[in-house]
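Structure below is structure.cif: mmCIF, C-alpha atoms.
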```
data_target
loop_
_atom_site.label_atom_id
_atom_site.label_comp_id
_atom_site.auth_asym_id
_atom_site.auth_seq_id
_atom_site.Cartn_x
_atom_site.Cartn_y
_atom_site.Cartn_z
CA MET E 18 79.36 109.07 60.65
CA SER E 19 76.47 107.29 58.96
CA GLN E 20 73.34 106.48 61.02
CA PRO E 21 71.92 102.92 61.08
CA PRO E 22 68.82 102.46 58.98
CA GLN E 23 65.53 103.19 60.79
CA GLN E 24 62.92 100.43 61.09
CA PRO E 25 59.77 102.25 62.19
CA ASN E 26 57.45 99.40 61.31
CA GLY E 27 59.60 96.45 62.19
CA PRO E 28 60.44 94.81 65.52
CA PRO E 29 63.35 96.16 67.56
CA PRO E 30 66.69 94.51 67.05
CA PRO E 31 67.23 91.51 69.30
CA PHE E 32 69.26 91.82 72.48
CA PRO E 33 72.55 89.98 72.43
CA GLY E 34 72.12 86.76 74.30
CA GLY E 35 68.31 86.88 74.43
CA VAL E 36 65.64 89.01 76.16
CA PRO E 37 66.88 90.27 79.54
CA THR E 38 64.85 89.79 82.73
CA LEU E 39 64.16 92.74 85.05
CA GLY E 40 66.26 92.55 88.18
CA PHE E 41 67.07 88.84 87.94
CA PRO E 42 70.60 87.48 87.46
CA SER E 43 71.31 85.70 84.24
CA GLY E 44 70.51 82.05 84.37
CA MET E 45 67.48 82.44 86.69
CA PRO E 46 64.00 81.81 85.29
CA PRO E 47 61.80 84.88 84.73
CA PRO E 48 59.10 85.62 87.35
CA PRO E 49 55.66 84.07 86.93
CA ALA E 50 53.11 85.95 84.81
CA GLY E 51 51.34 88.69 86.72
CA PHE E 52 54.14 89.18 89.28
CA PRO E 53 56.84 91.26 87.53
CA ASN E 54 58.66 92.14 90.75
CA GLY E 55 59.22 88.67 92.12
CA PRO E 56 57.55 85.35 92.94
CA PRO E 57 54.16 85.50 94.67
CA PRO E 58 53.84 84.65 98.34
CA PRO E 59 52.62 81.13 99.11
CA GLY E 60 48.88 80.68 98.58
CA SER E 61 48.37 83.94 96.64
CA VAL E 62 46.39 84.11 93.42
CA PRO E 63 48.01 85.90 90.46
CA PRO E 64 46.07 88.85 89.02
CA PRO E 65 44.52 88.64 85.56
CA ALA E 66 46.89 88.73 82.64
CA GLY E 67 48.07 92.21 81.71
CA GLN E 68 47.45 93.68 85.19
CA PHE E 69 49.88 94.35 87.97
CA PRO E 70 49.54 94.50 91.76
CA PRO E 71 48.67 97.95 93.17
CA PRO E 72 51.54 100.24 94.19
CA PRO E 73 52.57 100.38 97.87
CA GLY E 74 50.01 102.22 100.00
CA ALA E 75 47.15 101.76 97.53
CA ILE E 76 43.85 100.24 98.68
CA PRO E 77 43.48 96.82 96.99
CA PHE E 78 40.28 96.16 95.11
CA ALA E 79 38.11 93.25 96.19
CA PRO E 80 34.90 92.30 94.39
CA GLY E 81 31.78 93.16 96.39
CA VAL E 82 33.71 95.29 98.89
CA PRO E 83 33.17 99.07 98.51
CA VAL E 84 36.26 101.23 98.37
CA ALA E 85 36.29 104.02 100.97
CA ALA E 86 35.92 107.46 99.47
CA ALA E 87 38.64 110.06 99.94
CA PRO E 88 38.04 112.32 102.96
CA ALA E 89 36.14 115.46 102.02
CA ALA E 90 37.75 118.87 102.47
CA PRO E 91 36.59 120.85 105.51
CA SER E 92 33.53 122.98 104.90
CA GLY E 93 34.39 126.49 103.81
CA THR E 94 37.67 125.42 102.23
CA VAL E 95 38.87 124.34 98.80
CA ASN E 96 42.09 122.34 98.77
CA GLY E 97 42.75 123.56 102.29
CA ILE E 98 42.30 127.24 101.34
CA PRO E 99 39.50 129.18 103.08
CA VAL E 100 36.67 130.44 100.90
CA ALA E 101 34.78 133.64 101.68
CA LYS E 102 31.17 133.15 102.80
CA GLN E 103 30.01 135.58 100.14
CA ALA E 104 31.24 136.29 96.63
CA LEU E 105 34.49 138.25 96.59
CA ASN E 106 34.07 141.91 95.69
CA THR E 107 35.75 142.58 92.34
CA THR E 108 34.78 146.27 92.05
CA PRO E 109 38.11 148.14 92.13
CA SER E 110 38.86 150.07 95.31
CA ARG E 111 41.84 151.77 96.89
CA THR E 112 41.40 149.68 100.04
CA VAL E 113 42.04 145.96 100.49
CA TYR E 114 39.78 144.01 102.85
CA VAL E 115 41.73 141.24 104.63
CA SER E 116 40.00 138.36 106.42
CA ASN E 117 40.90 135.00 108.01
CA LEU E 118 43.64 136.60 110.10
CA ASN E 119 45.01 134.90 113.20
CA GLU E 120 42.93 136.23 116.10
CA LYS E 121 45.51 135.25 118.71
CA VAL E 122 48.11 137.75 117.48
CA LYS E 123 48.22 141.02 119.41
CA LEU E 124 46.64 143.91 117.57
CA ASP E 125 49.72 146.15 117.34
CA VAL E 126 51.88 143.23 116.16
CA LEU E 127 49.29 142.27 113.54
CA LYS E 128 48.96 145.83 112.19
CA ASN E 129 52.73 146.27 111.94
CA SER E 130 53.05 142.94 110.13
CA LEU E 131 50.34 143.88 107.63
CA ARG E 132 51.93 147.26 106.98
CA THR E 133 55.32 145.67 106.37
CA LEU E 134 53.84 143.00 104.11
CA PHE E 135 51.68 145.31 101.98
CA LYS E 136 54.05 148.26 101.56
CA GLN E 137 56.01 146.35 98.90
CA PHE E 138 53.07 147.04 96.55
CA GLY E 139 52.68 150.76 97.25
CA ASP E 140 52.47 153.42 99.93
CA VAL E 141 50.31 152.12 102.78
CA LEU E 142 48.21 155.06 103.98
CA ASP E 143 46.48 153.29 106.85
CA VAL E 144 45.90 149.87 108.44
CA VAL E 145 42.65 149.50 110.38
CA ALA E 146 42.00 146.47 112.60
CA HIS E 147 39.98 145.89 115.78
CA GLN E 148 39.70 143.14 118.36
CA ASN E 149 36.00 143.43 119.13
CA ILE E 150 33.92 140.34 118.56
CA ARG E 151 32.52 141.56 115.22
CA MET E 152 35.79 142.68 113.64
CA ARG E 153 38.47 140.37 115.00
CA GLY E 154 40.35 138.41 112.34
CA GLN E 155 39.78 141.22 109.82
CA ALA E 156 41.65 144.32 108.65
CA PHE E 157 41.60 147.08 106.02
CA VAL E 158 44.74 148.24 104.21
CA ALA E 159 44.43 151.57 102.37
CA PHE E 160 46.56 152.44 99.32
CA PRO E 161 46.65 155.75 97.41
CA ASP E 162 45.44 154.11 94.17
CA GLU E 163 43.49 151.10 92.89
CA GLU E 164 46.46 149.66 90.99
CA SER E 165 48.45 149.09 94.18
CA ALA E 166 45.47 147.46 95.87
CA GLU E 167 44.86 145.20 92.86
CA LYS E 168 48.49 144.10 92.73
CA ALA E 169 48.53 143.37 96.47
CA ILE E 170 45.42 141.19 96.15
CA LYS E 171 46.89 139.30 93.21
CA GLU E 172 50.28 138.68 94.86
CA LEU E 173 49.19 138.05 98.47
CA GLN E 174 45.95 136.09 97.99
CA HIS E 175 46.10 133.10 100.40
CA PHE E 176 49.52 134.14 101.68
CA SER E 177 50.01 132.44 105.06
CA LEU E 178 50.42 135.01 107.83
CA TYR E 179 50.89 133.60 111.32
CA ASP E 180 49.89 130.11 110.08
CA LYS E 181 46.60 131.25 108.48
CA PRO E 182 46.09 131.92 104.74
CA MET E 183 44.70 135.41 104.18
CA VAL E 184 41.61 136.01 102.02
CA LEU E 185 41.84 139.32 100.15
CA GLN E 186 39.36 141.37 98.16
CA PHE E 187 38.51 144.99 97.38
CA ALA E 188 36.79 146.79 100.26
CA ARG E 189 33.15 147.62 99.65
CA ASN E 190 33.27 150.95 101.49
CA LYS E 191 35.58 153.95 101.36
CA SER E 192 38.25 154.25 104.06
CA ASP E 193 38.34 157.24 106.40
CA VAL E 194 41.77 158.23 105.11
CA HIS E 195 40.41 158.41 101.54
CA ALA E 196 37.30 160.33 102.62
CA LYS E 197 39.52 162.95 104.26
CA SER E 198 41.67 163.33 101.14
CA ASP E 199 38.57 163.46 98.91
CA GLY E 200 36.98 166.18 101.06
CA ASP E 201 33.76 164.31 101.90
CA PHE E 202 34.68 162.93 105.31
CA GLU E 203 31.72 164.50 107.13
CA THR E 204 29.15 162.81 104.87
CA HIS E 205 31.16 159.59 104.86
CA TYR E 206 31.39 159.54 108.67
CA LYS E 207 27.64 160.05 109.13
CA GLN E 208 26.90 157.18 106.75
CA ARG E 209 29.40 154.94 108.52
CA MET E 210 27.93 155.69 111.93
CA ALA E 211 24.41 154.98 110.65
CA LYS E 212 25.52 151.64 109.26
CA LYS E 213 27.36 150.83 112.48
CA GLU E 214 24.17 151.48 114.42
CA GLU E 215 22.27 149.06 112.18
CA VAL E 216 24.94 146.38 112.57
CA SER E 217 24.97 146.76 116.35
CA LYS E 218 21.35 145.59 116.42
CA LEU E 219 22.23 142.30 114.72
CA PRO E 220 23.06 139.18 116.79
CA LEU E 221 26.71 138.87 117.76
CA PRO E 222 28.79 136.11 116.15
CA GLY E 223 28.39 132.97 118.26
CA SER E 224 25.35 134.37 120.06
CA HIS E 225 23.79 130.90 119.86
CA LYS E 226 26.35 129.77 122.44
CA PRO E 227 25.59 129.71 126.19
CA THR E 228 25.32 133.18 127.69
CA PHE E 229 26.16 134.44 131.14
CA LYS E 230 23.80 135.98 133.64
CA ALA E 231 24.52 136.98 137.23
CA SER E 232 22.05 135.65 139.79
CA ARG E 233 23.50 137.68 142.67
CA PRO E 234 26.21 140.37 142.81
CA GLN E 235 28.70 137.98 144.44
CA GLN E 236 27.80 134.81 142.59
CA SER E 237 27.70 133.85 138.92
CA LYS E 238 26.03 130.96 137.25
CA TRP E 239 25.78 129.44 133.77
CA TYR E 240 22.42 129.68 132.06
CA PHE E 241 21.82 127.63 128.94
CA THR E 242 19.14 127.88 126.29
CA GLU E 243 18.06 124.37 127.29
CA PRO E 244 16.85 123.80 130.85
CA THR E 245 19.33 122.39 133.32
CA HIS E 246 18.25 120.58 136.44
CA PHE E 247 21.46 120.14 138.39
CA ASN E 248 24.54 122.29 138.85
CA PRO E 249 27.22 120.51 140.92
CA THR E 250 29.11 123.79 141.58
CA ALA E 251 26.09 125.89 142.59
CA ASN E 252 26.92 125.86 146.31
CA ILE E 253 30.72 126.07 146.06
CA PRO E 254 32.20 129.46 147.06
CA ASP E 255 33.74 131.35 144.15
CA GLU E 256 37.25 131.04 145.59
CA TYR E 257 37.12 127.21 145.48
CA LEU E 258 35.63 126.66 142.04
CA PRO E 259 37.45 124.12 139.82
CA PRO E 260 39.67 125.44 136.98
CA ASN E 261 37.93 126.81 133.91
CA ASN E 262 39.25 128.51 130.78
CA ILE E 263 36.76 131.33 131.49
CA LEU E 264 37.37 133.81 134.31
CA PHE E 265 34.66 135.65 136.23
CA LEU E 266 35.43 139.27 137.15
CA GLN E 267 33.64 141.04 140.00
CA LYS E 268 33.80 144.40 141.79
CA LEU E 269 34.63 146.26 138.58
CA PRO E 270 34.22 150.06 138.52
CA GLU E 271 30.99 151.20 136.90
CA THR E 272 33.05 153.34 134.53
CA ILE E 273 35.20 150.45 133.25
CA THR E 274 35.18 149.87 129.49
CA GLN E 275 35.58 146.67 127.54
CA GLN E 276 38.74 147.97 125.86
CA GLN E 277 40.34 148.62 129.25
CA LEU E 278 39.76 145.01 130.22
CA VAL E 279 41.02 143.78 126.85
CA ASP E 280 44.23 145.79 127.26
CA LEU E 281 44.69 144.33 130.75
CA PHE E 282 44.04 140.66 130.01
CA GLN E 283 45.46 140.30 126.50
CA ARG E 284 48.95 140.57 127.93
CA TYR E 285 48.71 136.91 128.90
CA PRO E 286 48.97 134.05 126.37
CA GLY E 287 45.79 132.43 125.08
CA PHE E 288 43.54 135.48 125.46
CA LYS E 289 40.38 135.23 123.33
CA GLU E 290 37.81 137.82 124.38
CA VAL E 291 36.10 139.87 127.11
CA ARG E 292 32.34 139.61 127.58
CA MET E 293 30.58 142.31 129.56
CA ILE E 294 27.04 142.38 130.88
CA PRO E 295 25.31 145.51 129.49
CA THR E 296 22.93 145.75 132.44
CA LYS E 297 25.60 145.23 135.10
CA LYS E 298 28.93 146.97 134.59
CA SER E 299 30.54 145.58 137.75
CA ILE E 300 31.01 142.04 136.37
CA ALA E 301 32.51 140.55 133.21
CA PHE E 302 33.90 137.32 131.79
CA VAL E 303 37.29 136.72 130.15
CA GLU E 304 37.91 133.68 127.97
CA TYR E 305 41.27 131.97 127.29
CA ASP E 306 42.20 128.99 125.12
CA ASN E 307 42.72 126.62 128.06
CA GLU E 308 42.63 126.38 131.85
CA LEU E 309 46.39 126.76 132.37
CA GLN E 310 46.41 130.09 130.56
CA SER E 311 43.38 131.39 132.44
CA ALA E 312 44.97 130.29 135.72
CA THR E 313 48.06 132.36 134.93
CA ALA E 314 45.99 135.47 134.28
CA LYS E 315 43.91 134.82 137.40
CA SER E 316 47.01 134.54 139.56
CA GLU E 317 48.55 137.72 138.16
CA LEU E 318 45.48 139.95 138.12
CA SER E 319 43.51 138.82 141.16
CA GLY E 320 43.19 141.88 143.40
CA HIS E 321 44.22 144.30 140.64
CA SER E 322 43.36 147.83 141.75
CA PHE E 323 41.58 150.36 139.55
CA GLY E 324 41.66 152.98 142.30
CA PRO E 325 40.99 153.44 146.03
CA ASP E 326 38.77 150.63 147.31
CA GLN E 327 38.40 149.26 143.76
CA GLU E 328 40.20 145.94 143.82
CA MET E 329 38.99 143.53 141.15
CA LYS E 330 37.99 140.04 142.20
CA VAL E 331 38.99 137.28 139.73
CA THR E 332 37.75 133.69 140.04
CA PHE E 333 37.05 130.82 137.68
CA ALA E 334 33.60 130.89 136.15
CA ARG E 335 31.11 128.22 137.16
CA LYS E 336 30.76 125.34 134.72
#
```
If you took the structure in this file and wrote it as structure tokens, what would it be?
Amino acid sequence: MSQPPQQPNGPPPPFPGGVPTLGFPSGMPPPPAGFPNGPPPPGSVPPPAGQFPPPPGAIPFAPGVPVAAAPAAPSGTVNGIPVAKQALNTTPSRTVYVSNLNEKVKLDVLKNSLRTLFKQFGDVLDVVAHQNIRMRGQAFVAFPDEESAEKAIKELQHFSLYDKPMVLQFARNKSDVHAKSDGDFETHYKQRMAKKEEVSKLPLPGSHKPTFKASRPQQSKWYFTEPTHFNPTANIPDEYLPPNNILFLQKLPETITQQQLVDLFQRYPGFKEVRMIPTKKSIAFVEYDNELQSATAKSELSGHSFGPDQEMKVTFARK
């Protein structure tokens, strides 16, 4: 079948019956200039020729009125994705360093999830994660070779695990499992312990926040970096203090460890951390996300016994 002759430089062929109008029945007059979608509302001024009203939801432009800028992304993020505080390590390693993990997930659940997630890229030799204040939200996943670690980083970068996108990079230090296989574990362990000692002397994360100090063995009190002149709960007995998301523990055994308290209190929803007083082992503080969660833990663990005549006293901390 022959094709009709092309007219690249000429006008298009006319429509039968004249030029159609957009969305208007035949016989009705076309819309006024500047309002292609219908007649303007009474009293409105048509826009300049060749321009159209803004689409629905757009901010109209008015001369002399500044247009609000788009909201900026939260600090430390790009397009909603967290950015590491320091440049990502690109030196190949057999271990993947994982950060920005959900700190509310129990440690054993988190480690099992990481192992399951990463083993699709190679044999996972070890998963190391801790809940102490310096290492929470972080983990190390050890592979037998650099290729597996590199592939895992490429495929899982910013993968959302428990509602938080992970940030992955090569670990800067050798893992214990690799040091053992390489035969230099003793030297590696000494270096790691020396570095750990140096880090322990640095301020804890969030150390600028209010700290706790016991004024008497049976009474706790908030002390702030700025002077306070009035404490409305100073004379209220511990048992009648108002609810607080932080619990105050008393009568603890002198041999108690922070990990023992973590294991005891993390069984209840909303657990965040345990804070111990280095100079006084018999007291500690436990923080939860909100007052309801701390109240549940207080009710369940008040009077918990660590041995003969060693019943723990649990009250709300003073605000």
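If only C-alpha atoms are the atoms counted, then among E:Tyr114, E:Phe202, E:Phe333, E:Phe288 the closest residue to E:Arg189 is E:Tyr114.
For the residues E:Leu124, E:Leu131, E:Met329, E:Ala166, ranking by smallest atom-to-atom distance to E:Pro270 using only C-alpha atoms places E:Met329 first.
Taking atom CA of E:Pro182 and atom CA of E:Asn129 as the two end points, the separation is 17.4 Å.
The coordinates place atom CA of E:Leu309 at 27.9 Å from atom CA of E:Lys128.
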Self-check item: E:Glu308, E:Glu163, E:Asp140, E:Asp125 ranked by distance to E:Pro109, top pick (using all atoms listed in the file)
Solution: E:Glu163
Quiz prompt | Explicit residue set for the PyMOL selection byres ((chain E and resi 290) around 7), as a count of residues only | solution = 6
